>>> print(open('structure.pdb').read())   # PDB, C-alpha atoms
ATOM      1  CA  LEU A 177      53.055  65.816  -2.323  1.00  0.00           C
ATOM      2  CA  LEU A 178      54.957  68.450  -4.222  1.00  0.00           C
ATOM      3  CA  PRO A 179      57.931  70.553  -3.102  1.00  0.00           C
ATOM      4  CA  GLY A 180      56.750  73.581  -1.196  1.00  0.00           C
ATOM      5  CA  SER A 181      53.867  71.613   0.234  1.00  0.00           C
ATOM      6  CA  GLY A 182      54.928  72.043   3.847  1.00  0.00           C
ATOM      7  CA  ASN A 183      55.984  68.413   4.086  1.00  0.00           C
ATOM      8  CA  ALA A 184      59.709  68.467   4.939  1.00  0.00           C
ATOM      9  CA  ALA A 185      60.432  65.092   3.315  1.00  0.00           C
ATOM     10  CA  ALA A 186      58.677  66.091   0.111  1.00  0.00           C
ATOM     11  CA  ASP A 187      60.290  69.544   0.121  1.00  0.00           C
ATOM     12  CA  ASP A 188      63.735  67.916   0.095  1.00  0.00           C
ATOM     13  CA  LEU A 189      62.917  66.128  -3.149  1.00  0.00           C
ATOM     14  CA  ASN A 190      64.192  67.558  -6.402  1.00  0.00           C
ATOM     15  CA  PRO A 191      61.741  66.158  -8.962  1.00  0.00           C
ATOM     16  CA  VAL A 192      62.775  65.837 -12.582  1.00  0.00           C
ATOM     17  CA  ALA A 193      61.447  68.794 -14.528  1.00  0.00           C
ATOM     18  CA  PRO A 194      59.168  67.493 -17.269  1.00  0.00           C
ATOM     19  CA  ASN A 195      58.674  68.376 -20.890  1.00  0.00           C
ATOM     20  CA  ILE A 196      54.902  68.020 -21.232  1.00  0.00           C
ATOM     21  CA  LEU A 197      52.786  68.062 -24.347  1.00  0.00           C
ATOM     22  CA  LEU A 198      49.014  68.004 -23.960  1.00  0.00           C
ATOM     23  CA  LEU A 199      47.398  66.526 -27.093  1.00  0.00           C
ATOM     24  CA  VAL A 200      43.613  66.877 -27.158  1.00  0.00           C
ATOM     25  CA  ASP A 201      40.900  65.849 -29.604  1.00  0.00           C
ATOM     26  CA  THR A 202      38.610  68.732 -30.612  1.00  0.00           C
ATOM     27  CA  SER A 203      36.703  66.858 -33.322  1.00  0.00           C
ATOM     28  CA  GLY A 204      32.939  67.170 -33.645  1.00  0.00           C
ATOM     29  CA  SER A 205      32.341  63.983 -31.662  1.00  0.00           C
ATOM     30  CA  MET A 206      33.651  65.793 -28.580  1.00  0.00           C
ATOM     31  CA  LEU A 207      30.377  67.759 -28.496  1.00  0.00           C
ATOM     32  CA  ALA A 208      28.468  64.698 -27.245  1.00  0.00           C
ATOM     33  CA  ASP A 209      27.911  64.173 -23.536  1.00  0.00           C
ATOM     34  CA  GLY A 210      29.896  67.254 -22.492  1.00  0.00           C
ATOM     35  CA  LYS A 211      33.221  65.694 -23.509  1.00  0.00           C
ATOM     36  CA  MET A 212      34.651  68.964 -24.841  1.00  0.00           C
ATOM     37  CA  GLU A 213      33.964  70.783 -21.581  1.00  0.00           C
ATOM     38  CA  GLN A 214      35.479  67.872 -19.643  1.00  0.00           C
ATOM     39  CA  ALA A 215      38.579  67.997 -21.837  1.00  0.00           C
ATOM     40  CA  LYS A 216      38.874  71.768 -21.415  1.00  0.00           C
ATOM     41  CA  ALA A 217      38.518  71.438 -17.638  1.00  0.00           C
ATOM     42  CA  ALA A 218      41.284  68.819 -17.594  1.00  0.00           C
ATOM     43  CA  LEU A 219      43.514  71.034 -19.768  1.00  0.00           C
ATOM     44  CA  ARG A 220      42.881  74.026 -17.501  1.00  0.00           C
ATOM     45  CA  HIS A 221      43.850  71.939 -14.483  1.00  0.00           C
ATOM     46  CA  CYS A 222      47.040  70.733 -16.177  1.00  0.00           C
ATOM     47  CA  ALA A 223      48.051  74.207 -17.352  1.00  0.00           C
ATOM     48  CA  SER A 224      47.333  75.743 -13.948  1.00  0.00           C
ATOM     49  CA  SER A 225      49.349  73.028 -12.185  1.00  0.00           C
ATOM     50  CA  LEU A 226      52.540  73.527 -14.196  1.00  0.00           C
ATOM     51  CA  ARG A 227      55.572  74.734 -12.242  1.00  0.00           C
ATOM     52  CA  SER A 228      57.674  77.625 -13.530  1.00  0.00           C
ATOM     53  CA  HIS A 229      60.594  75.327 -14.475  1.00  0.00           C
ATOM     54  CA  ASP A 230      58.383  72.937 -16.475  1.00  0.00           C
ATOM     55  CA  ARG A 231      58.225  73.139 -20.278  1.00  0.00           C
ATOM     56  CA  PHE A 232      55.005  72.522 -22.188  1.00  0.00           C
ATOM     57  CA  ASN A 233      52.873  72.955 -25.268  1.00  0.00           C
ATOM     58  CA  ILE A 234      49.307  72.082 -26.213  1.00  0.00           C
ATOM     59  CA  VAL A 235      48.195  70.568 -29.511  1.00  0.00           C
ATOM     60  CA  ALA A 236      44.481  70.481 -30.363  1.00  0.00           C
ATOM     61  CA  PHE A 237      43.251  68.438 -33.287  1.00  0.00           C
ATOM     62  CA  GLY A 238      40.087  67.864 -35.246  1.00  0.00           C
ATOM     63  CA  THR A 239      40.209  68.176 -39.018  1.00  0.00           C
ATOM     64  CA  ALA A 240      43.073  70.638 -38.573  1.00  0.00           C
ATOM     65  CA  VAL A 241      45.885  70.583 -36.026  1.00  0.00           C
ATOM     66  CA  LYS A 242      46.583  73.714 -34.000  1.00  0.00           C
ATOM     67  CA  SER A 243      49.321  74.291 -31.427  1.00  0.00           C
ATOM     68  CA  PHE A 244      49.301  76.685 -28.489  1.00  0.00           C
ATOM     69  CA  ARG A 245      52.759  77.793 -29.571  1.00  0.00           C
ATOM     70  CA  GLU A 246      53.121  77.041 -33.275  1.00  0.00           C
ATOM     71  CA  GLU A 247      56.915  77.222 -33.394  1.00  0.00           C
ATOM     72  CA  ALA A 248      58.358  73.747 -32.953  1.00  0.00           C
ATOM     73  CA  GLY A 249      59.114  73.011 -29.351  1.00  0.00           C
ATOM     74  CA  LEU A 250      57.973  73.706 -25.845  1.00  0.00           C
ATOM     75  CA  VAL A 251      57.833  76.872 -23.789  1.00  0.00           C
ATOM     76  CA  GLU A 252      58.690  77.552 -20.169  1.00  0.00           C
ATOM     77  CA  ALA A 253      55.672  77.447 -17.885  1.00  0.00           C
ATOM     78  CA  SER A 254      56.020  81.071 -16.871  1.00  0.00           C
ATOM     79  CA  GLU A 255      53.004  82.814 -15.402  1.00  0.00           C
ATOM     80  CA  GLU A 256      52.562  84.635 -18.725  1.00  0.00           C
ATOM     81  CA  ASN A 257      52.635  81.383 -20.756  1.00  0.00           C
ATOM     82  CA  ARG A 258      50.272  79.613 -18.355  1.00  0.00           C
ATOM     83  CA  LYS A 259      47.793  82.495 -18.634  1.00  0.00           C
ATOM     84  CA  ALA A 260      48.076  82.488 -22.442  1.00  0.00           C
ATOM     85  CA  ALA A 261      47.548  78.704 -22.422  1.00  0.00           C
ATOM     86  CA  LEU A 262      44.332  79.149 -20.426  1.00  0.00           C
ATOM     87  CA  ASP A 263      43.122  81.645 -23.055  1.00  0.00           C
ATOM     88  CA  PHE A 264      44.031  79.146 -25.819  1.00  0.00           C
ATOM     89  CA  ILE A 265      42.082  76.424 -24.000  1.00  0.00           C
ATOM     90  CA  ASP A 266      39.044  78.676 -23.538  1.00  0.00           C
ATOM     91  CA  ASP A 267      38.989  79.290 -27.311  1.00  0.00           C
ATOM     92  CA  LEU A 268      38.956  75.587 -28.246  1.00  0.00           C
ATOM     93  CA  ALA A 269      35.783  74.381 -29.943  1.00  0.00           C
ATOM     94  CA  ALA A 270      34.745  70.932 -31.138  1.00  0.00           C
ATOM     95  CA  ARG A 271      34.350  70.568 -34.906  1.00  0.00           C
ATOM     96  CA  GLY A 272      35.383  68.445 -37.834  1.00  0.00           C
ATOM     97  CA  GLY A 273      36.971  65.036 -38.168  1.00  0.00           C
ATOM     98  CA  THR A 274      39.686  63.244 -36.206  1.00  0.00           C
ATOM     99  CA  HIS A 275      43.181  63.600 -37.715  1.00  0.00           C
ATOM    100  CA  ILE A 276      45.160  61.513 -35.223  1.00  0.00           C
ATOM    101  CA  SER A 277      48.157  60.849 -37.479  1.00  0.00           C
ATOM    102  CA  LYS A 278      48.825  64.541 -38.136  1.00  0.00           C
ATOM    103  CA  ALA A 279      48.256  65.347 -34.447  1.00  0.00           C
ATOM    104  CA  LEU A 280      50.858  62.797 -33.369  1.00  0.00           C
ATOM    105  CA  GLU A 281      53.325  64.028 -36.017  1.00  0.00           C
ATOM    106  CA  THR A 282      52.941  67.573 -34.714  1.00  0.00           C
ATOM    107  CA  ALA A 283      53.240  66.501 -31.081  1.00  0.00           C
ATOM    108  CA  PHE A 284      56.393  64.460 -31.646  1.00  0.00           C
ATOM    109  CA  ALA A 285      57.927  67.326 -33.674  1.00  0.00           C
ATOM    110  CA  HIS A 286      57.418  69.648 -30.701  1.00  0.00           C
ATOM    111  CA  MET A 287      58.930  67.078 -28.350  1.00  0.00           C
ATOM    112  CA  ALA A 288      61.899  66.307 -30.638  1.00  0.00           C
ATOM    113  CA  ALA A 289      62.888  69.971 -30.589  1.00  0.00           C
ATOM    114  CA  HIS A 290      64.254  69.394 -27.072  1.00  0.00           C
ATOM    115  CA  ASP A 291      67.359  67.399 -26.267  1.00  0.00           C
ATOM    116  CA  LYS A 292      66.815  64.058 -24.534  1.00  0.00           C
ATOM    117  CA  ALA A 293      70.103  64.636 -22.692  1.00  0.00           C
ATOM    118  CA  SER A 294      68.565  67.632 -20.907  1.00  0.00           C
ATOM    119  CA  GLY A 295      67.598  65.370 -18.022  1.00  0.00           C
ATOM    120  CA  ARG A 296      63.935  66.278 -18.404  1.00  0.00           C
ATOM    121  CA  MET A 297      61.218  63.661 -18.613  1.00  0.00           C
ATOM    122  CA  PRO A 298      59.354  63.933 -21.951  1.00  0.00           C
ATOM    123  CA  MET A 299      55.640  63.169 -21.516  1.00  0.00           C
ATOM    124  CA  LEU A 300      52.781  63.234 -24.002  1.00  0.00           C
ATOM    125  CA  LEU A 301      49.258  63.232 -22.559  1.00  0.00           C
ATOM    126  CA  PHE A 302      46.941  62.169 -25.386  1.00  0.00           C
ATOM    127  CA  ALA A 303      43.146  62.429 -25.078  1.00  0.00           C
ATOM    128  CA  THR A 304      40.655  61.423 -27.758  1.00  0.00           C
ATOM    129  CA  ASP A 305      37.219  59.874 -27.870  1.00  0.00           C
ATOM    130  CA  GLY A 306      37.466  57.973 -31.094  1.00  0.00           C
ATOM    131  CA  LEU A 307      39.123  56.482 -34.092  1.00  0.00           C
ATOM    132  CA  PRO A 308      40.829  58.443 -36.883  1.00  0.00           C
ATOM    133  CA  THR A 309      38.575  59.706 -39.666  1.00  0.00           C
ATOM    134  CA  ILE A 310      41.086  61.846 -41.622  1.00  0.00           C
ATOM    135  CA  GLY A 311      44.564  61.011 -42.920  1.00  0.00           C
ATOM    136  CA  GLU A 312      45.935  57.620 -42.013  1.00  0.00           C
ATOM    137  CA  ARG A 313      43.103  55.544 -40.572  1.00  0.00           C
ATOM    138  CA  GLU A 314      44.825  52.218 -39.972  1.00  0.00           C
ATOM    139  CA  PRO A 315      45.641  52.023 -36.229  1.00  0.00           C
ATOM    140  CA  ALA A 316      48.656  49.731 -36.719  1.00  0.00           C
ATOM    141  CA  LYS A 317      50.199  52.167 -39.213  1.00  0.00           C
ATOM    142  CA  ILE A 318      49.565  55.138 -36.911  1.00  0.00           C
ATOM    143  CA  LEU A 319      51.214  53.315 -34.028  1.00  0.00           C
ATOM    144  CA  SER A 320      54.178  52.258 -36.164  1.00  0.00           C
ATOM    145  CA  ARG A 321      54.670  55.839 -37.356  1.00  0.00           C
ATOM    146  CA  ALA A 322      54.411  57.152 -33.779  1.00  0.00           C
ATOM    147  CA  LYS A 323      57.182  54.772 -32.730  1.00  0.00           C
ATOM    148  CA  GLU A 324      59.368  56.066 -35.596  1.00  0.00           C
ATOM    149  CA  LEU A 325      58.714  59.680 -34.615  1.00  0.00           C
ATOM    150  CA  ASN A 326      59.453  59.118 -30.935  1.00  0.00           C
ATOM    151  CA  THR A 327      63.147  59.957 -31.151  1.00  0.00           C
ATOM    152  CA  VAL A 328      63.516  61.366 -27.617  1.00  0.00           C
ATOM    153  CA  GLY A 329      61.939  58.608 -25.542  1.00  0.00           C
ATOM    154  CA  VAL A 330      58.598  60.304 -24.961  1.00  0.00           C
ATOM    155  CA  ARG A 331      56.325  58.544 -22.480  1.00  0.00           C
ATOM    156  CA  LEU A 332      52.833  58.516 -23.962  1.00  0.00           C
ATOM    157  CA  PHE A 333      49.830  58.463 -21.646  1.00  0.00           C
ATOM    158  CA  ALA A 334      46.535  57.842 -23.440  1.00  0.00           C
ATOM    159  CA  PHE A 335      43.141  58.869 -22.083  1.00  0.00           C
ATOM    160  CA  GLY A 336      39.718  58.214 -23.551  1.00  0.00           C
ATOM    161  CA  ASP A 337      38.165  55.750 -25.919  1.00  0.00           C
ATOM    162  CA  PHE A 338      40.756  54.756 -28.485  1.00  0.00           C
ATOM    163  CA  GLY A 339      39.290  51.532 -29.733  1.00  0.00           C
ATOM    164  CA  ALA A 340      42.196  49.739 -31.391  1.00  0.00           C
ATOM    165  CA  VAL A 341      44.342  52.831 -32.029  1.00  0.00           C
ATOM    166  CA  LEU A 342      46.907  52.129 -29.325  1.00  0.00           C
ATOM    167  CA  ASP A 343      46.440  48.366 -28.843  1.00  0.00           C
TER     168      ASP A 343
END
>>> encode(input="structure.pdb", output="structure tokens")
Amino acid sequence: LLPGSGNAAADDLNPVAPNILLLVDTSGSMLADGKMEQAKAALRHCASSLRSHDRFNIVAFGTAVKSFREEAGLVEASEENRKAALDFIDDLAARGGTHISKALETAFAHMAAHDKASGRMPMLLFATDGLPTIGEREPAKILSRAKELNTVGVRLFAFGDFGAVLD
């Protein structure tokens, strides 16, 4: 239950405001079996569920990597930014290869732009359906580089079929 839910015990809680980055695969393989529409539905749910004091960004990747807000960092989850994020999500289309290494570099750069001492919980929600096909393709090297880039203690939550990428 979340604050404001009508549950007095839950309403007394003061949850840690998160820094959230949604990292989603938009490569051509996402066209199969309705995966792109499933990913967009999940992104819409996440963006709509953000609270005004949360900070967020969205990074979509296929051959190229594109951020909801290109400037490094995260934005407040104001009503205006949530609405703009929904428009960004609606415009996503599956195409191209899978550039996981560049996507992770971009995501960690956005996250590193915010001070770990802020008391916020940095979270990266990473969804992909496959292995890298562009850039670095060796899963162990991608993972090693991700660990190097994670300078603010980001908690990474992986969703989808990653094969050996995050083993």
>>> closest_residue(input="structure.pdb", among="A:Leu319, A:Ala208, A:Leu199, A:Ala261", to="Leu226 (chain A)", atoms="only C-alpha atoms")
A:Ala261
>>> resolve_selection(input="structure.pdb", expression="the PyMOL selection byres ((chain A and resi 223) around 9)", output="list in words")
Ala218, Leu219, Arg220, His221, Cys222, Ser224, Ser225, Leu226, Phe232, Ala253, Arg258, Lys259, Ala261 and Leu262 of chain A
>>> resolve_selection(input="structure.pdb", expression="the PyMOL selection byres ((chain A and resi 248) around 10)", output="PDB file with C-alpha atoms, keeping the file's coordinate frame")
ATOM      1  CA  ASN A 233      52.873  72.955 -25.268  1.00  0.00           C
ATOM      2  CA  SER A 243      49.321  74.291 -31.427  1.00  0.00           C
ATOM      3  CA  ARG A 245      52.759  77.793 -29.571  1.00  0.00           C
ATOM      4  CA  GLU A 246      53.121  77.041 -33.275  1.00  0.00           C
ATOM      5  CA  GLU A 247      56.915  77.222 -33.394  1.00  0.00           C
ATOM      6  CA  GLY A 249      59.114  73.011 -29.351  1.00  0.00           C
ATOM      7  CA  LEU A 250      57.973  73.706 -25.845  1.00  0.00           C
ATOM      8  CA  VAL A 251      57.833  76.872 -23.789  1.00  0.00           C
ATOM      9  CA  THR A 282      52.941  67.573 -34.714  1.00  0.00           C
ATOM     10  CA  ALA A 283      53.240  66.501 -31.081  1.00  0.00           C
ATOM     11  CA  PHE A 284      56.393  64.460 -31.646  1.00  0.00           C
ATOM     12  CA  ALA A 285      57.927  67.326 -33.674  1.00  0.00           C
ATOM     13  CA  HIS A 286      57.418  69.648 -30.701  1.00  0.00           C
ATOM     14  CA  MET A 287      58.930  67.078 -28.350  1.00  0.00           C
ATOM     15  CA  ALA A 288      61.899  66.307 -30.638  1.00  0.00           C
ATOM     16  CA  ALA A 289      62.888  69.971 -30.589  1.00  0.00           C
ATOM     17  CA  HIS A 290      64.254  69.394 -27.072  1.00  0.00           C
TER      18      HIS A 290
END
>>> resolve_selection(input="structure.pdb", expression="the PyMOL selection byres ((chain A and resi 327) around 9)", output="JSON, numbers by chain")
{"A": [284, 287, 288, 292, 323, 324, 325, 326, 328, 329, 330]}
>>> closest_residue(input="structure.pdb", among="A:Leu301, A:Ala322, A:Ala334, A:Met206", to="Ile234 (chain A)", atoms="all atoms listed in the file")
A:Leu301
>>> closest_residue(input="structure.pdb", among="A:Ile276, A:Phe237, A:Leu197, A:Glu256", to="Ile310 (chain A)", atoms="only C-alpha atoms")
A:Ile276
>>> residues_near_point(input="structure.pdb", point="(37.3, 70.0, -35.0)", cutoff="10 Å", atoms="all atoms listed in the file", output="MDAnalysis selection string")
chainID A and resid 201:207 236:241 268:275
>>> atom_distance(input="structure.pdb", atom1="CA of Val192 (chain A)", atom2="CA of Ser320 (chain A)")
28.5 Å
>>> axis_aligned_box(input="structure.pdb", around="region 245-254 of chain A", padding_each_side="8 Å", output="JSON")
{"center_x": 55.9, "center_y": 77.0, "center_z": -25.1, "size_x": 22.4, "size_y": 24.1, "size_z": 32.5}
>>> atom_distance(input="structure.pdb", atom1="CA of Ala316 (chain A)", atom2="CA of Val235 (chain A)")
22.1 Å
>>> atom_distance(input="structure.pdb", atom1="CA of Ile265 (chain A)", atom2="CA of Lys216 (chain A)")
6.2 Å
>>> closest_residue(input="structure.pdb", among="A:Lys278, A:Phe244, A:Asp266, A:Arg331", to="Pro298 (chain A)", atoms="only C-alpha atoms")
A:Arg331
